[in-house]
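Printed here is input_36.pdb (PDB, C-alpha atoms):
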ATOM      1  CA  MET A   1     211.402  76.166  92.321  1.00  0.00           C
ATOM      2  CA  HIS A   2     211.505  74.270  95.630  1.00  0.00           C
ATOM      3  CA  ARG A   3     209.425  71.847  97.671  1.00  0.00           C
ATOM      4  CA  SER A   4     208.308  71.737 101.300  1.00  0.00           C
ATOM      5  CA  ARG A   5     206.018  69.896 103.689  1.00  0.00           C
ATOM      6  CA  VAL A   6     205.055  69.860 107.345  1.00  0.00           C
ATOM      7  CA  SER A   7     207.238  67.106 108.755  1.00  0.00           C
ATOM      8  CA  THR A   8     207.171  67.412 112.528  1.00  0.00           C
ATOM      9  CA  LEU A   9     204.899  68.446 115.391  1.00  0.00           C
ATOM     10  CA  LEU A  10     206.954  69.247 118.473  1.00  0.00           C
ATOM     11  CA  VAL A  11     205.650  69.514 122.012  1.00  0.00           C
ATOM     12  CA  ASP A  12     208.135  71.947 123.557  1.00  0.00           C
ATOM     13  CA  VAL A  13     208.474  71.277 127.288  1.00  0.00           C
ATOM     14  CA  PRO A  14     210.599  73.110 129.874  1.00  0.00           C
ATOM     15  CA  GLN A  15     213.583  70.950 130.840  1.00  0.00           C
ATOM     16  CA  ASP A  16     212.407  70.286 134.406  1.00  0.00           C
ATOM     17  CA  ASP A  17     209.018  69.016 133.201  1.00  0.00           C
ATOM     18  CA  VAL A  18     210.129  66.586 130.485  1.00  0.00           C
ATOM     19  CA  GLY A  19     209.742  63.420 132.597  1.00  0.00           C
ATOM     20  CA  PRO A  20     206.120  64.050 133.606  1.00  0.00           C
ATOM     21  CA  ALA A  21     205.299  65.353 130.108  1.00  0.00           C
ATOM     22  CA  LEU A  22     206.670  62.197 128.480  1.00  0.00           C
ATOM     23  CA  ALA A  23     204.719  60.030 130.927  1.00  0.00           C
ATOM     24  CA  PHE A  24     201.541  61.952 130.092  1.00  0.00           C
ATOM     25  CA  TRP A  25     201.921  61.994 126.312  1.00  0.00           C
ATOM     26  CA  SER A  26     202.968  58.356 126.034  1.00  0.00           C
ATOM     27  CA  ALA A  27     200.010  57.243 128.195  1.00  0.00           C
ATOM     28  CA  ALA A  28     197.548  59.604 126.500  1.00  0.00           C
ATOM     29  CA  LEU A  29     198.600  58.541 122.992  1.00  0.00           C
ATOM     30  CA  GLY A  30     199.310  54.877 123.761  1.00  0.00           C
ATOM     31  CA  VAL A  31     202.907  54.840 122.535  1.00  0.00           C
ATOM     32  CA  THR A  32     206.316  54.042 123.961  1.00  0.00           C
ATOM     33  CA  PRO A  33     208.597  57.089 123.780  1.00  0.00           C
ATOM     34  CA  ARG A  34     211.960  56.630 122.039  1.00  0.00           C
ATOM     35  CA  PRO A  35     215.027  58.834 122.507  1.00  0.00           C
ATOM     36  CA  VAL A  36     216.325  60.268 119.237  1.00  0.00           C
ATOM     37  CA  PRO A  37     219.937  59.085 118.743  1.00  0.00           C
ATOM     38  CA  GLY A  38     222.415  61.952 118.768  1.00  0.00           C
ATOM     39  CA  GLU A  39     219.746  64.518 119.694  1.00  0.00           C
ATOM     40  CA  PRO A  40     219.139  64.228 123.455  1.00  0.00           C
ATOM     41  CA  GLN A  41     216.689  67.135 123.547  1.00  0.00           C
ATOM     42  CA  TYR A  42     214.164  65.123 121.462  1.00  0.00           C
ATOM     43  CA  THR A  43     212.046  62.109 122.387  1.00  0.00           C
ATOM     44  CA  ASP A  44     209.982  60.583 119.599  1.00  0.00           C
ATOM     45  CA  LEU A  45     206.357  59.564 120.115  1.00  0.00           C
ATOM     46  CA  PRO A  46     206.281  57.061 117.241  1.00  0.00           C
ATOM     47  CA  GLU A  47     203.345  56.275 114.977  1.00  0.00           C
ATOM     48  CA  VAL A  48     201.027  58.906 116.492  1.00  0.00           C
ATOM     49  CA  VAL A  49     200.190  60.536 113.151  1.00  0.00           C
ATOM     50  CA  PRO A  50     201.120  58.560 110.017  1.00  0.00           C
ATOM     51  CA  GLY A  51     203.638  60.467 107.901  1.00  0.00           C
ATOM     52  CA  LEU A  52     204.343  63.024 110.635  1.00  0.00           C
ATOM     53  CA  VAL A  53     207.036  62.965 113.312  1.00  0.00           C
ATOM     54  CA  VAL A  54     205.561  63.801 116.718  1.00  0.00           C
ATOM     55  CA  ALA A  55     208.093  64.392 119.491  1.00  0.00           C
ATOM     56  CA  VAL A  56     208.672  66.044 122.839  1.00  0.00           C
ATOM     57  CA  GLN A  57     211.482  68.614 122.797  1.00  0.00           C
ATOM     58  CA  SER A  58     213.226  69.733 125.978  1.00  0.00           C
ATOM     59  CA  VAL A  59     213.541  73.529 125.860  1.00  0.00           C
ATOM     60  CA  ASP A  60     214.911  76.312 128.026  1.00  0.00           C
ATOM     61  CA  ASP A  61     211.754  78.328 127.415  1.00  0.00           C
ATOM     62  CA  ALA A  62     207.996  78.331 127.901  1.00  0.00           C
ATOM     63  CA  PRO A  63     205.822  75.331 126.977  1.00  0.00           C
ATOM     64  CA  ARG A  64     204.323  75.473 123.496  1.00  0.00           C
ATOM     65  CA  TYR A  65     203.758  73.503 120.299  1.00  0.00           C
ATOM     66  CA  HIS A  66     205.540  74.189 117.051  1.00  0.00           C
ATOM     67  CA  LEU A  67     205.760  72.780 113.547  1.00  0.00           C
ATOM     68  CA  ASP A  68     208.818  71.966 111.490  1.00  0.00           C
ATOM     69  CA  ILE A  69     208.560  72.560 107.767  1.00  0.00           C
ATOM     70  CA  GLU A  70     211.019  70.390 105.878  1.00  0.00           C
ATOM     71  CA  THR A  71     212.306  71.693 102.556  1.00  0.00           C
ATOM     72  CA  ASP A  72     214.833  71.052  99.834  1.00  0.00           C
ATOM     73  CA  ASP A  73     215.744  74.791  99.887  1.00  0.00           C
ATOM     74  CA  VAL A  74     215.795  76.449 103.315  1.00  0.00           C
ATOM     75  CA  ASP A  75     216.533  79.935 101.936  1.00  0.00           C
ATOM     76  CA  ALA A  76     213.689  79.824  99.407  1.00  0.00           C
ATOM     77  CA  GLU A  77     211.163  78.405 101.886  1.00  0.00           C
ATOM     78  CA  THR A  78     212.129  80.961 104.518  1.00  0.00           C
ATOM     79  CA  ALA A  79     211.713  83.775 101.969  1.00  0.00           C
ATOM     80  CA  ARG A  80     208.337  82.349 100.897  1.00  0.00           C
ATOM     81  CA  LEU A  81     207.050  82.271 104.475  1.00  0.00           C
ATOM     82  CA  VAL A  82     208.463  85.727 105.276  1.00  0.00           C
ATOM     83  CA  GLY A  83     206.592  86.934 102.187  1.00  0.00           C
ATOM     84  CA  HIS A  84     203.395  85.646 103.809  1.00  0.00           C
ATOM     85  CA  GLY A  85     204.021  87.611 107.013  1.00  0.00           C
ATOM     86  CA  ALA A  86     206.420  85.475 109.098  1.00  0.00           C
ATOM     87  CA  THR A  87     209.438  87.033 110.813  1.00  0.00           C
ATOM     88  CA  GLU A  88     212.750  85.229 111.116  1.00  0.00           C
ATOM     89  CA  ILE A  89     213.784  85.300 114.774  1.00  0.00           C
ATOM     90  CA  ALA A  90     216.689  82.837 114.997  1.00  0.00           C
ATOM     91  CA  ARG A  91     219.067  80.533 113.159  1.00  0.00           C
ATOM     92  CA  TRP A  92     220.501  77.287 114.426  1.00  0.00           C
ATOM     93  CA  LEU A  93     222.783  75.213 112.193  1.00  0.00           C
ATOM     94  CA  ASP A  94     220.945  75.063 108.836  1.00  0.00           C
ATOM     95  CA  CYS A  95     217.530  75.692 110.442  1.00  0.00           C
ATOM     96  CA  ARG A  96     215.530  78.904 110.690  1.00  0.00           C
ATOM     97  CA  THR A  97     213.003  79.774 113.394  1.00  0.00           C
ATOM     98  CA  LEU A  98     210.130  81.986 112.311  1.00  0.00           C
ATOM     99  CA  ARG A  99     207.348  83.657 114.256  1.00  0.00           C
ATOM    100  CA  VAL A 100     204.225  83.534 112.132  1.00  0.00           C
ATOM    101  CA  PRO A 101     201.155  85.784 112.290  1.00  0.00           C
ATOM    102  CA  GLY A 102     199.295  84.821 115.448  1.00  0.00           C
ATOM    103  CA  GLY A 103     202.549  84.370 117.377  1.00  0.00           C
ATOM    104  CA  HIS A 104     203.292  80.671 116.796  1.00  0.00           C
ATOM    105  CA  LEU A 105     206.733  79.321 115.966  1.00  0.00           C
ATOM    106  CA  VAL A 106     207.654  77.422 112.823  1.00  0.00           C
ATOM    107  CA  CYS A 107     211.080  75.997 112.081  1.00  0.00           C
ATOM    108  CA  VAL A 108     212.250  75.642 108.495  1.00  0.00           C
ATOM    109  CA  ILE A 109     214.571  72.646 108.354  1.00  0.00           C
ATOM    110  CA  PRO A 110     216.596  70.958 105.614  1.00  0.00           C
ATOM    111  CA  LEU A 111     215.337  67.774 104.023  1.00  0.00           C
ATOM    112  CA  HIS A 112     215.892  64.923 106.475  1.00  0.00           C
ATOM    113  CA  SER A 113     213.185  62.344 105.841  1.00  0.00           C
ATOM    114  CA  ASP A 114     213.088  59.516 103.355  1.00  0.00           C
ATOM    115  CA  PRO A 115     213.273  61.147  99.886  1.00  0.00           C
ATOM    116  CA  GLU A 116     210.341  59.075  98.568  1.00  0.00           C
ATOM    117  CA  ALA A 117     208.132  60.041 101.518  1.00  0.00           C
ATOM    118  CA  PHE A 118     209.139  63.671 101.088  1.00  0.00           C
ATOM    119  CA  GLY A 119     208.385  63.527  97.358  1.00  0.00           C
ATOM    120  CA  ARG A 120     204.907  62.100  97.977  1.00  0.00           C
ATOM    121  CA  ALA A 121     203.930  64.688 100.586  1.00  0.00           C
ATOM    122  CA  ALA A 122     205.793  67.862  99.539  1.00  0.00           C
ATOM    123  CA  ARG A 123     204.234  70.742  97.673  1.00  0.00           C
ATOM    124  CA  THR A 124     206.119  72.478  94.885  1.00  0.00           C
ATOM    125  CA  TRP A 125     206.537  76.272  95.002  1.00  0.00           C
ATOM    126  CA  SER A 126     207.791  78.574  92.291  1.00  0.00           C
TER     127      SER A 126
END
Could you show the structure in this file as structure tokens?
Amino acid sequence: MHRSRVSTLLVDVPQDDVGPALAFWSAALGVTPRPVPGEPQYTDLPEVVPGLVVAVQSVDDAPRYHLDIETDDVDAETARLVGHGATEIARWLDCRTLRVPGGHLVCVIPLHSDPEAFGRAARTWS
């Protein structure tokens, strides 16, 4: 048995376009962007959606949106999503990148949020 929840919505932006993208998203959403300490590729757009991290991610790829699914068991959650039709396409540290039916990306990431917040929002899978 394990638990998971959608934790993060990432706006993936090509590296050369991050500045204008951050200016747009911060103005459009009415927030002040904050760099994420120790993770220079991420800039947080705080308080946009309560309970959900929304951030701009600098990527060496095409622009897109993707979700992070946070879990207390990355292997089990990855297997669960693969069982529903996703395909694992990459691994980075303890994270897995999946392409889901329809072509979108989802990252399965280890538990990183406040344990109480995770416990309130996570679903339990057997």
Close residues, A:Ala79 itself excluded, 12 Å, all atoms listed in the file, min 6 positions apart in chain, as a list in words: His2, Asp73, Gly85, Ala86, Thr87, Glu88, Arg96, Leu98, Val108, Trp125 and Ser126 of chain A
Residues matched by the PyMOL selection byres ((chain A and resi 28-34) around 6) as JSON, numbers by chain: {"A": [24, 25, 26, 27, 35, 43, 44, 45]}
Polymer residues at most 9 Å from A:Asp61, all atoms listed in the file, same-chain spacing of 6 or more positions, as a ChimeraX atom specification: /A:12-15
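Minimum atom-to-atom distances from A:Leu22, A:Leu67, A:Val74, A:Val48 to A:Met1 were compared using all atoms listed in the file, and the lowest value belongs to A:Val74.
Atom pair atom CA of A:Pro46 / atom CA of A:Val6 has a distance of 16.2 Å (rounded to one decimal).
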Output check: residues returned by the PyMOL selection byres ((chain A and resi 113) around 10), as a list in words: Ser7, Gly51, Val53, Glu70, Thr71, Pro110, Leu111, His112, Asp114, Pro115, Glu116, Ala117, Phe118 and Gly119 of chain A
Print the selection's residues with C-alpha atoms to a file, as a PDB file, in the coordinates of the input.
ATOM      1  CA  SER A   7     207.238  67.106 108.755  1.00  0.00           C
ATOM      2  CA  GLY A  51     203.638  60.467 107.901  1.00  0.00           C
ATOM      3  CA  VAL A  53     207.036  62.965 113.312  1.00  0.00           C
ATOM      4  CA  GLU A  70     211.019  70.390 105.878  1.00  0.00           C
ATOM      5  CA  THR A  71     212.306  71.693 102.556  1.00  0.00           C
ATOM      6  CA  PRO A 110     216.596  70.958 105.614  1.00  0.00           C
ATOM      7  CA  LEU A 111     215.337  67.774 104.023  1.00  0.00           C
ATOM      8  CA  HIS A 112     215.892  64.923 106.475  1.00  0.00           C
ATOM      9  CA  ASP A 114     213.088  59.516 103.355  1.00  0.00           C
ATOM     10  CA  PRO A 115     213.273  61.147  99.886  1.00  0.00           C
ATOM     11  CA  GLU A 116     210.341  59.075  98.568  1.00  0.00           C
ATOM     12  CA  ALA A 117     208.132  60.041 101.518  1.00  0.00           C
ATOM     13  CA  PHE A 118     209.139  63.671 101.088  1.00  0.00           C
ATOM     14  CA  GLY A 119     208.385  63.527  97.358  1.00  0.00           C
TER      15      GLY A 119
END
